[in-house]
Amino acid sequence: MNFKQWMLAEAALGVRDIKFDPQGKPSHRVVIHGGGTVINLTAPGGMGKSPRVLGSLSNPDVFGDTRLLDGVPLYQWHADIERGWGPFLYDIAMEFATLRGGYLVSSTFVNRLENRWDLPKGEVGGDASELAEKVYYYYLHNRHDVEAHQPNIMFWDRAEEQNRMQYMYMLYSKRPTTLTQLIELNRRLESPYKAVLVKGMGAVPQPILSLEELNG
């Protein structure tokens with residue numbers, strides 16, 4: 001592991017960084033909206049203020065058909081995330097995709113499938129950002145809990161790029177260990193604020209207490 005990879009690992013925040021005040025209110029909450037089309041990470045906004053959104057993953061396919069590869073759904077995301085929380089939200093997105101019988105993939109890979117090339121990085125509908133590229137690189141080379149699957153497809157016009165940036169062209173899946181930890185936090189908390197992982201579109205999202213509720 002080189003220095004940059006070590007820094008990415010050390011800077012990554014996650015479940016262990018969710019703290020609770022004396023009333024049991026969590027410092028961070030994960031909110032899954034609209035059946036998984038949007039995943040937000042929020043923090044309390046202070047007295048009388050709305051929660052602050054620290055990170056957001058949104059599926060560009062929210063108003064379209066989910067892309068399929070050999071009949072398997074592909075989940076891609078547009079990310080806008082505060083430093084340090086990216087791997088945490090990407091893990092959740094990957095676990096959610098796996099629960100739905102699909103894979104997490106980069107927007108670069110999806111664009112190549114649709115014969116779109118050299119699109120702006122980091123924009124909705126564009127190629128993956130440089131930060132996302134680092135996350136996928138780390139998944140392929142350093143995360144033993146992540147399964148990387150080789151797609152049965154070769155982009156001959158960009159074979160050199162596909163070989164050099166293999167991590168951007170893999171299909172990723174992961175057992176729901178992060179989601180399970182969040183659900184366990186929900187079960188343990190006895191305060192009115194026990195919803196650490198929540199879902200729904202209304203003003204009062206409901207706590208998720210089982211993986212079956214996510215996979216419904």
# chains A, B, ... in the order shown; residues from 1 in each chain; ligands from 1
call {"tool": "residues_around", "arguments": {"residues": "His28 in chain A", "least_positions_apart": "2", "cutoff": "7 Å", "atoms": "only C-alpha atoms", "output": "ChimeraX atom specification"}}
result
/A:18,26,30,41-43
call {"tool": "closest_atom_pairs", "arguments": {"of": "range 75-132 of chain A", "to": "range 177-185 of chain A", "cutoff": "10 Å", "atoms": "only C-alpha atoms", "output": "tab-separated table"}}
result
residue	atom	partner	partner_atom	distance
A:Phe88	CA	A:Thr178	CA	8.2
A:Leu89	CA	A:Thr178	CA	9.6
A:Asp91	CA	A:Thr178	CA	7.2
A:Ile92	CA	A:Leu179	CA	6.5
A:Ala93	CA	A:Leu179	CA	9.7
A:Glu95	CA	A:Leu179	CA	7.4
A:Phe96	CA	A:Leu179	CA	8.4
call {"tool": "residues_around", "arguments": {"residues": "Met154 in chain A", "least_positions_apart": "3", "cutoff": "12 Å", "atoms": "only C-alpha atoms", "output": "PyMOL selection string"}}
result
chain A and resi 109+112-113+150-151+157-163+166+169-170
call {"tool": "write_last_selection", "arguments": {"atoms": "C-alpha atoms", "output": "PDB file, in the first residue's frame"}}
result
ATOM      1  CA  PHE A 109     -18.202   2.182 -17.320  1.00  0.00           C
ATOM      2  CA  ARG A 112     -18.707   3.314 -22.305  1.00  0.00           C
ATOM      3  CA  LEU A 113     -21.573   0.810 -22.454  1.00  0.00           C
ATOM      4  CA  GLN A 150     -14.853  -8.932 -14.548  1.00  0.00           C
ATOM      5  CA  PRO A 151     -17.590  -8.069 -17.066  1.00  0.00           C
ATOM      6  CA  ASP A 157     -11.688   1.332 -29.102  1.00  0.00           C
ATOM      7  CA  ARG A 158     -10.419   1.900 -25.560  1.00  0.00           C
ATOM      8  CA  ALA A 159      -8.716  -1.409 -24.794  1.00  0.00           C
ATOM      9  CA  GLU A 160      -5.584   0.332 -23.489  1.00  0.00           C
ATOM     10  CA  GLU A 161      -7.629   2.495 -21.124  1.00  0.00           C
ATOM     11  CA  GLN A 162      -9.700  -0.476 -19.984  1.00  0.00           C
ATOM     12  CA  ASN A 163      -6.565  -2.457 -19.182  1.00  0.00           C
ATOM     13  CA  GLN A 166      -9.251  -1.867 -14.847  1.00  0.00           C
ATOM     14  CA  TYR A 169     -14.476  -1.260 -15.516  1.00  0.00           C
ATOM     15  CA  MET A 170     -15.258  -3.856 -12.841  1.00  0.00           C
TER      16      MET A 170
END
call {"tool": "select_by_dssp", "arguments": {"residues": "range 92-208 of chain A", "states": "alpha helix (DSSP H)", "output": "NGL selection string"}}
result
:A and (92-99 or 107-113 or 130-142 or 159-164 or 177-188)
call {"tool": "write_last_selection", "arguments": {"atoms": "N, CA and C atoms", "output": "compact mmCIF listing (two decimals), in the first residue's frame"}}
result
# COMPACT_ATOMS: atom_id res chain seq x y z
N ILE A 92 -22.23 1.67 1.44
CA ILE A 92 -23.67 1.49 1.60
C ILE A 92 -24.34 1.32 0.25
N ALA A 93 -23.94 2.13 -0.73
CA ALA A 93 -24.52 2.01 -2.07
C ALA A 93 -24.22 0.64 -2.68
N MET A 94 -23.00 0.15 -2.49
CA MET A 94 -22.63 -1.15 -3.02
C MET A 94 -23.43 -2.28 -2.35
N GLU A 95 -23.57 -2.18 -1.03
CA GLU A 95 -24.33 -3.20 -0.31
C GLU A 95 -25.79 -3.18 -0.74
N PHE A 96 -26.34 -1.98 -0.92
CA PHE A 96 -27.72 -1.85 -1.37
C PHE A 96 -27.89 -2.47 -2.76
N ALA A 97 -26.95 -2.19 -3.66
CA ALA A 97 -27.01 -2.78 -5.01
C ALA A 97 -26.94 -4.30 -4.94
N THR A 98 -26.08 -4.82 -4.07
CA THR A 98 -25.94 -6.28 -3.93
C THR A 98 -27.22 -6.90 -3.41
N LEU A 99 -27.86 -6.26 -2.41
CA LEU A 99 -29.12 -6.76 -1.89
C LEU A 99 -30.20 -6.81 -2.97
N SER A 107 -19.68 5.44 -13.24
CA SER A 107 -20.39 6.10 -14.34
C SER A 107 -19.55 6.06 -15.62
N THR A 108 -18.23 5.97 -15.48
CA THR A 108 -17.37 5.83 -16.66
C THR A 108 -17.72 4.56 -17.41
N PHE A 109 -17.86 3.46 -16.69
CA PHE A 109 -18.20 2.18 -17.32
C PHE A 109 -19.57 2.26 -18.01
N VAL A 110 -20.56 2.87 -17.34
CA VAL A 110 -21.89 3.00 -17.93
C VAL A 110 -21.83 3.83 -19.21
N ASN A 111 -21.05 4.90 -19.18
CA ASN A 111 -20.93 5.73 -20.38
C ASN A 111 -20.30 4.96 -21.54
N ARG A 112 -19.32 4.11 -21.25
CA ARG A 112 -18.71 3.31 -22.31
C ARG A 112 -19.71 2.30 -22.87
N LEU A 113 -20.54 1.74 -21.99
CA LEU A 113 -21.57 0.81 -22.45
C LEU A 113 -22.51 1.50 -23.45
N GLU A 130 -12.34 12.29 -10.10
CA GLU A 130 -11.03 11.78 -9.69
C GLU A 130 -11.12 11.13 -8.31
N LEU A 131 -11.96 11.68 -7.41
CA LEU A 131 -12.14 11.06 -6.10
C LEU A 131 -12.77 9.68 -6.24
N ALA A 132 -13.79 9.57 -7.10
CA ALA A 132 -14.43 8.28 -7.31
C ALA A 132 -13.43 7.28 -7.89
N GLU A 133 -12.56 7.74 -8.79
CA GLU A 133 -11.55 6.85 -9.35
C GLU A 133 -10.67 6.27 -8.24
N LYS A 134 -10.30 7.10 -7.26
CA LYS A 134 -9.48 6.62 -6.15
C LYS A 134 -10.23 5.59 -5.31
N VAL A 135 -11.52 5.82 -5.12
CA VAL A 135 -12.33 4.88 -4.34
C VAL A 135 -12.37 3.52 -5.04
N TYR A 136 -12.63 3.52 -6.36
CA TYR A 136 -12.70 2.26 -7.10
C TYR A 136 -11.34 1.57 -7.14
N TYR A 137 -10.27 2.35 -7.28
CA TYR A 137 -8.92 1.77 -7.25
C TYR A 137 -8.68 1.06 -5.92
N TYR A 138 -9.09 1.70 -4.86
CA TYR A 138 -8.89 1.13 -3.53
C TYR A 138 -9.75 -0.13 -3.35
N TYR A 139 -10.98 -0.10 -3.87
CA TYR A 139 -11.82 -1.29 -3.81
C TYR A 139 -11.14 -2.49 -4.46
N LEU A 140 -10.59 -2.29 -5.64
CA LEU A 140 -10.03 -3.41 -6.40
C LEU A 140 -8.74 -3.93 -5.77
N HIS A 141 -7.90 -3.05 -5.27
CA HIS A 141 -6.56 -3.46 -4.86
C HIS A 141 -6.38 -3.65 -3.36
N ASN A 142 -7.28 -3.10 -2.55
CA ASN A 142 -7.01 -3.12 -1.11
C ASN A 142 -8.17 -3.59 -0.24
N ALA A 159 -9.27 -0.24 -25.47
CA ALA A 159 -8.72 -1.41 -24.79
C ALA A 159 -7.56 -1.02 -23.87
N GLU A 160 -6.71 -0.08 -24.31
CA GLU A 160 -5.58 0.33 -23.49
C GLU A 160 -6.07 0.98 -22.20
N GLU A 161 -7.06 1.84 -22.32
CA GLU A 161 -7.63 2.50 -21.12
C GLU A 161 -8.28 1.48 -20.21
N GLN A 162 -9.02 0.54 -20.79
CA GLN A 162 -9.70 -0.48 -19.98
C GLN A 162 -8.70 -1.34 -19.23
N ASN A 163 -7.58 -1.65 -19.85
CA ASN A 163 -6.56 -2.46 -19.18
C ASN A 163 -5.82 -1.64 -18.12
N ARG A 164 -5.52 -0.39 -18.44
CA ARG A 164 -4.77 0.45 -17.51
C ARG A 164 -5.62 0.87 -16.32
N THR A 177 -22.35 -5.67 5.44
CA THR A 177 -21.81 -5.56 6.79
C THR A 177 -22.02 -4.15 7.37
N THR A 178 -21.86 -3.11 6.55
CA THR A 178 -22.06 -1.74 7.05
C THR A 178 -23.53 -1.51 7.38
N LEU A 179 -24.43 -1.94 6.50
CA LEU A 179 -25.85 -1.81 6.77
C LEU A 179 -26.24 -2.59 8.03
N THR A 180 -25.66 -3.77 8.21
CA THR A 180 -25.95 -4.57 9.40
C THR A 180 -25.51 -3.85 10.67
N GLN A 181 -24.34 -3.20 10.63
CA GLN A 181 -23.87 -2.45 11.79
C GLN A 181 -24.80 -1.28 12.12
N LEU A 182 -25.28 -0.60 11.09
CA LEU A 182 -26.18 0.52 11.32
C LEU A 182 -27.52 0.05 11.88
N ILE A 183 -28.02 -1.05 11.35
CA ILE A 183 -29.27 -1.61 11.86
C ILE A 183 -29.12 -2.04 13.31
N GLU A 184 -27.96 -2.60 13.66
CA GLU A 184 -27.70 -3.00 15.04
C GLU A 184 -27.67 -1.78 15.95
N LEU A 185 -27.13 -0.65 15.49
CA LEU A 185 -27.19 0.58 16.27
C LEU A 185 -28.63 0.98 16.54
N ASN A 186 -29.47 0.89 15.53
CA ASN A 186 -30.89 1.20 15.71
C ASN A 186 -31.52 0.34 16.79
N ARG A 187 -31.18 -0.94 16.78
CA ARG A 187 -31.79 -1.86 17.74
C ARG A 187 -31.34 -1.56 19.17
N ARG A 188 -30.08 -1.13 19.32
CA ARG A 188 -29.53 -0.93 20.66
C ARG A 188 -30.01 0.37 21.31
call {"tool": "residues_around", "arguments": {"residues": "range 147-149 of chain A", "least_positions_apart": "6", "cutoff": "6 Å", "atoms": "only C-alpha atoms", "output": "VMD selection string"}}
result
chain A and resid 170 to 173
call {"tool": "closest_residue", "arguments": {"among": "A:Gly55, A:Leu69, A:Thr37, A:Lys174", "to": "Asn152 in chain A", "atoms": "only C-alpha atoms"}}
result
A:Leu69
call {"tool": "atom_distance", "arguments": {"atom1": "CA of Ser106 in chain A", "atom2": "CA of Trp85 in chain A"}}
result
17.7 Å
call {"tool": "residues_around", "arguments": {"residues": "Val198 in chain A", "least_positions_apart": "3", "cutoff": "8 Å", "atoms": "only C-alpha atoms", "output": "ChimeraX atom specification"}}
result
/A:29-32,195,205-208
call {"tool": "write_last_selection", "arguments": {"atoms": "C-alpha atoms", "output": "short mmCIF file (atom, residue, chain, number, x, y, z; two decimals), in the first residue's frame"}}
result
data_model
loop_
_atom_site.label_atom_id
_atom_site.label_comp_id
_atom_site.auth_asym_id
_atom_site.auth_seq_id
_atom_site.Cartn_x
_atom_site.Cartn_y
_atom_site.Cartn_z
CA ARG A 29 -27.74 9.74 10.17
CA VAL A 30 -27.97 7.82 6.91
CA VAL A 31 -31.21 8.49 5.05
CA ILE A 32 -32.22 6.29 2.11
CA ALA A 195 -33.21 6.00 13.81
CA PRO A 205 -38.64 8.81 8.09
CA GLN A 206 -38.98 5.41 9.70
CA PRO A 207 -36.14 3.47 11.34
CA ILE A 208 -34.89 0.42 9.46
#
call {"tool": "decode", "arguments": {"residues": "range 164-212 of chain A", "atoms": "N, CA and C atoms", "output": "mmCIF file, in the first residue's frame"}}
result
data_model
loop_
_atom_site.group_PDB
_atom_site.id
_atom_site.type_symbol
_atom_site.label_atom_id
_atom_site.label_comp_id
_atom_site.auth_asym_id
_atom_site.auth_seq_id
_atom_site.Cartn_x
_atom_site.Cartn_y
_atom_site.Cartn_z
ATOM 1 N N ARG A 164 -5.524 -0.388 -18.441
ATOM 2 C CA ARG A 164 -4.768 0.454 -17.511
ATOM 3 C C ARG A 164 -5.618 0.871 -16.318
ATOM 4 N N MET A 165 -6.899 1.129 -16.564
ATOM 5 C CA MET A 165 -7.793 1.558 -15.495
ATOM 6 C C MET A 165 -8.840 0.477 -15.229
ATOM 7 N N GLN A 166 -8.360 -0.719 -15.026
ATOM 8 C CA GLN A 166 -9.251 -1.867 -14.847
ATOM 9 C C GLN A 166 -10.266 -1.638 -13.735
ATOM 10 N N TYR A 167 -9.840 -0.940 -12.680
ATOM 11 C CA TYR A 167 -10.702 -0.708 -11.525
ATOM 12 C C TYR A 167 -11.965 0.072 -11.878
ATOM 13 N N MET A 168 -11.939 0.843 -12.994
ATOM 14 C CA MET A 168 -13.111 1.605 -13.404
ATOM 15 C C MET A 168 -14.080 0.773 -14.239
ATOM 16 N N TYR A 169 -13.680 -0.430 -14.607
ATOM 17 C CA TYR A 169 -14.476 -1.260 -15.516
ATOM 18 C C TYR A 169 -14.925 -2.567 -14.867
ATOM 19 N N MET A 170 -14.840 -2.652 -13.546
ATOM 20 C CA MET A 170 -15.258 -3.856 -12.841
ATOM 21 C C MET A 170 -16.672 -3.683 -12.297
ATOM 22 N N LEU A 171 -17.301 -4.814 -11.959
ATOM 23 C CA LEU A 171 -18.607 -4.834 -11.313
ATOM 24 C C LEU A 171 -18.379 -5.182 -9.842
ATOM 25 N N TYR A 172 -18.879 -4.343 -8.937
ATOM 26 C CA TYR A 172 -18.545 -4.494 -7.520
ATOM 27 C C TYR A 172 -19.757 -4.923 -6.698
ATOM 28 N N SER A 173 -19.505 -5.856 -5.770
ATOM 29 C CA SER A 173 -20.550 -6.284 -4.841
ATOM 30 C C SER A 173 -19.932 -6.467 -3.461
ATOM 31 N N LYS A 174 -20.791 -6.511 -2.445
ATOM 32 C CA LYS A 174 -20.290 -6.573 -1.066
ATOM 33 C C LYS A 174 -21.395 -7.069 -0.139
ATOM 34 N N ARG A 175 -21.023 -7.935 0.796
ATOM 35 C CA ARG A 175 -21.970 -8.359 1.817
ATOM 36 C C ARG A 175 -22.398 -7.147 2.641
ATOM 37 N N PRO A 176 -23.632 -7.127 3.164
ATOM 38 C CA PRO A 176 -24.156 -5.916 3.816
ATOM 39 C C PRO A 176 -23.658 -5.722 5.244
ATOM 40 N N THR A 177 -22.354 -5.672 5.436
ATOM 41 C CA THR A 177 -21.809 -5.557 6.785
ATOM 42 C C THR A 177 -22.018 -4.152 7.367
ATOM 43 N N THR A 178 -21.860 -3.108 6.548
ATOM 44 C CA THR A 178 -22.064 -1.743 7.047
ATOM 45 C C THR A 178 -23.527 -1.511 7.384
ATOM 46 N N LEU A 179 -24.425 -1.935 6.503
ATOM 47 C CA LEU A 179 -25.854 -1.811 6.774
ATOM 48 C C LEU A 179 -26.238 -2.588 8.028
ATOM 49 N N THR A 180 -25.658 -3.768 8.214
ATOM 50 C CA THR A 180 -25.955 -4.569 9.397
ATOM 51 C C THR A 180 -25.512 -3.849 10.669
ATOM 52 N N GLN A 181 -24.340 -3.199 10.629
ATOM 53 C CA GLN A 181 -23.867 -2.448 11.794
ATOM 54 C C GLN A 181 -24.799 -1.280 12.116
ATOM 55 N N LEU A 182 -25.280 -0.596 11.091
ATOM 56 C CA LEU A 182 -26.185 0.524 11.315
ATOM 57 C C LEU A 182 -27.518 0.047 11.882
ATOM 58 N N ILE A 183 -28.016 -1.050 11.354
ATOM 59 C CA ILE A 183 -29.269 -1.612 11.862
ATOM 60 C C ILE A 183 -29.116 -2.043 13.315
ATOM 61 N N GLU A 184 -27.956 -2.598 13.659
ATOM 62 C CA GLU A 184 -27.703 -3.002 15.039
ATOM 63 C C GLU A 184 -27.673 -1.781 15.955
ATOM 64 N N LEU A 185 -27.134 -0.653 15.488
ATOM 65 C CA LEU A 185 -27.187 0.577 16.271
ATOM 66 C C LEU A 185 -28.632 0.975 16.542
ATOM 67 N N ASN A 186 -29.472 0.886 15.528
ATOM 68 C CA ASN A 186 -30.889 1.203 15.706
ATOM 69 C C ASN A 186 -31.519 0.338 16.788
ATOM 70 N N ARG A 187 -31.184 -0.939 16.781
ATOM 71 C CA ARG A 187 -31.789 -1.860 17.745
ATOM 72 C C ARG A 187 -31.341 -1.560 19.170
ATOM 73 N N ARG A 188 -30.078 -1.132 19.323
ATOM 74 C CA ARG A 188 -29.529 -0.933 20.660
ATOM 75 C C ARG A 188 -30.006 0.369 21.308
ATOM 76 N N LEU A 189 -30.246 1.386 20.485
ATOM 77 C CA LEU A 189 -30.596 2.689 21.044
ATOM 78 C C LEU A 189 -32.009 2.668 21.620
ATOM 79 N N GLU A 190 -32.160 3.249 22.794
ATOM 80 C CA GLU A 190 -33.450 3.269 23.467
ATOM 81 C C GLU A 190 -34.056 4.665 23.513
ATOM 82 N N SER A 191 -33.404 5.640 22.916
ATOM 83 C CA SER A 191 -33.908 7.010 22.923
ATOM 84 C C SER A 191 -34.862 7.218 21.748
ATOM 85 N N PRO A 192 -35.608 8.343 21.763
ATOM 86 C CA PRO A 192 -36.490 8.642 20.622
ATOM 87 C C PRO A 192 -35.719 8.861 19.323
ATOM 88 N N TYR A 193 -34.394 9.028 19.407
ATOM 89 C CA TYR A 193 -33.582 9.335 18.241
ATOM 90 C C TYR A 193 -32.908 8.082 17.687
ATOM 91 N N LYS A 194 -33.489 6.919 17.922
ATOM 92 C CA LYS A 194 -32.790 5.678 17.591
ATOM 93 C C LYS A 194 -32.632 5.442 16.099
ATOM 94 N N ALA A 195 -33.295 6.221 15.255
ATOM 95 C CA ALA A 195 -33.206 6.002 13.810
ATOM 96 C C ALA A 195 -31.864 6.508 13.291
ATOM 97 N N VAL A 196 -30.881 5.648 13.254
ATOM 98 C CA VAL A 196 -29.590 6.009 12.663
ATOM 99 C C VAL A 196 -29.629 5.783 11.167
ATOM 100 N N LEU A 197 -30.165 4.662 10.766
ATOM 101 C CA LEU A 197 -30.374 4.400 9.341
ATOM 102 C C LEU A 197 -31.863 4.491 9.091
ATOM 103 N N VAL A 198 -32.299 5.434 8.285
ATOM 104 C CA VAL A 198 -33.726 5.680 8.118
ATOM 105 C C VAL A 198 -34.066 5.742 6.642
ATOM 106 N N LYS A 199 -35.360 5.641 6.336
ATOM 107 C CA LYS A 199 -35.782 5.687 4.938
ATOM 108 C C LYS A 199 -37.120 6.403 4.858
ATOM 109 N N GLY A 200 -37.531 6.723 3.667
ATOM 110 C CA GLY A 200 -38.834 7.317 3.464
ATOM 111 C C GLY A 200 -38.739 8.669 2.813
ATOM 112 N N MET A 201 -39.862 9.177 2.363
ATOM 113 C CA MET A 201 -39.895 10.463 1.683
ATOM 114 C C MET A 201 -40.558 11.536 2.540
ATOM 115 N N GLY A 202 -41.199 11.152 3.654
ATOM 116 C CA GLY A 202 -41.923 12.108 4.467
ATOM 117 C C GLY A 202 -41.029 12.846 5.442
ATOM 118 N N ALA A 203 -41.662 13.720 6.246
ATOM 119 C CA ALA A 203 -40.910 14.519 7.202
ATOM 120 C C ALA A 203 -40.369 13.668 8.347
ATOM 121 N N VAL A 204 -41.014 12.538 8.618
ATOM 122 C CA VAL A 204 -40.588 11.671 9.716
ATOM 123 C C VAL A 204 -40.243 10.298 9.145
ATOM 124 N N PRO A 205 -39.043 10.121 8.627
ATOM 125 C CA PRO A 205 -38.642 8.811 8.085
ATOM 126 C C PRO A 205 -38.678 7.745 9.175
ATOM 127 N N GLN A 206 -38.851 6.514 8.769
ATOM 128 C CA GLN A 206 -38.985 5.406 9.700
ATOM 129 C C GLN A 206 -37.638 4.706 9.900
ATOM 130 N N PRO A 207 -37.378 4.220 11.124
ATOM 131 C CA PRO A 207 -36.137 3.466 11.341
ATOM 132 C C PRO A 207 -36.163 2.140 10.617
ATOM 133 N N ILE A 208 -35.027 1.736 10.089
ATOM 134 C CA ILE A 208 -34.892 0.421 9.459
ATOM 135 C C ILE A 208 -34.322 -0.535 10.493
ATOM 136 N N LEU A 209 -35.010 -1.633 10.706
ATOM 137 C CA LEU A 209 -34.604 -2.586 11.727
ATOM 138 C C LEU A 209 -34.238 -3.949 11.158
ATOM 139 N N SER A 210 -34.311 -4.102 9.827
ATOM 140 C CA SER A 210 -33.940 -5.372 9.230
ATOM 141 C C SER A 210 -33.527 -5.158 7.780
ATOM 142 N N LEU A 211 -32.681 -6.083 7.281
ATOM 143 C CA LEU A 211 -32.266 -6.013 5.880
ATOM 144 C C LEU A 211 -33.449 -6.272 4.953
ATOM 145 N N GLU A 212 -34.430 -7.044 5.419
ATOM 146 C CA GLU A 212 -35.595 -7.344 4.584
ATOM 147 C C GLU A 212 -36.349 -6.069 4.212
#
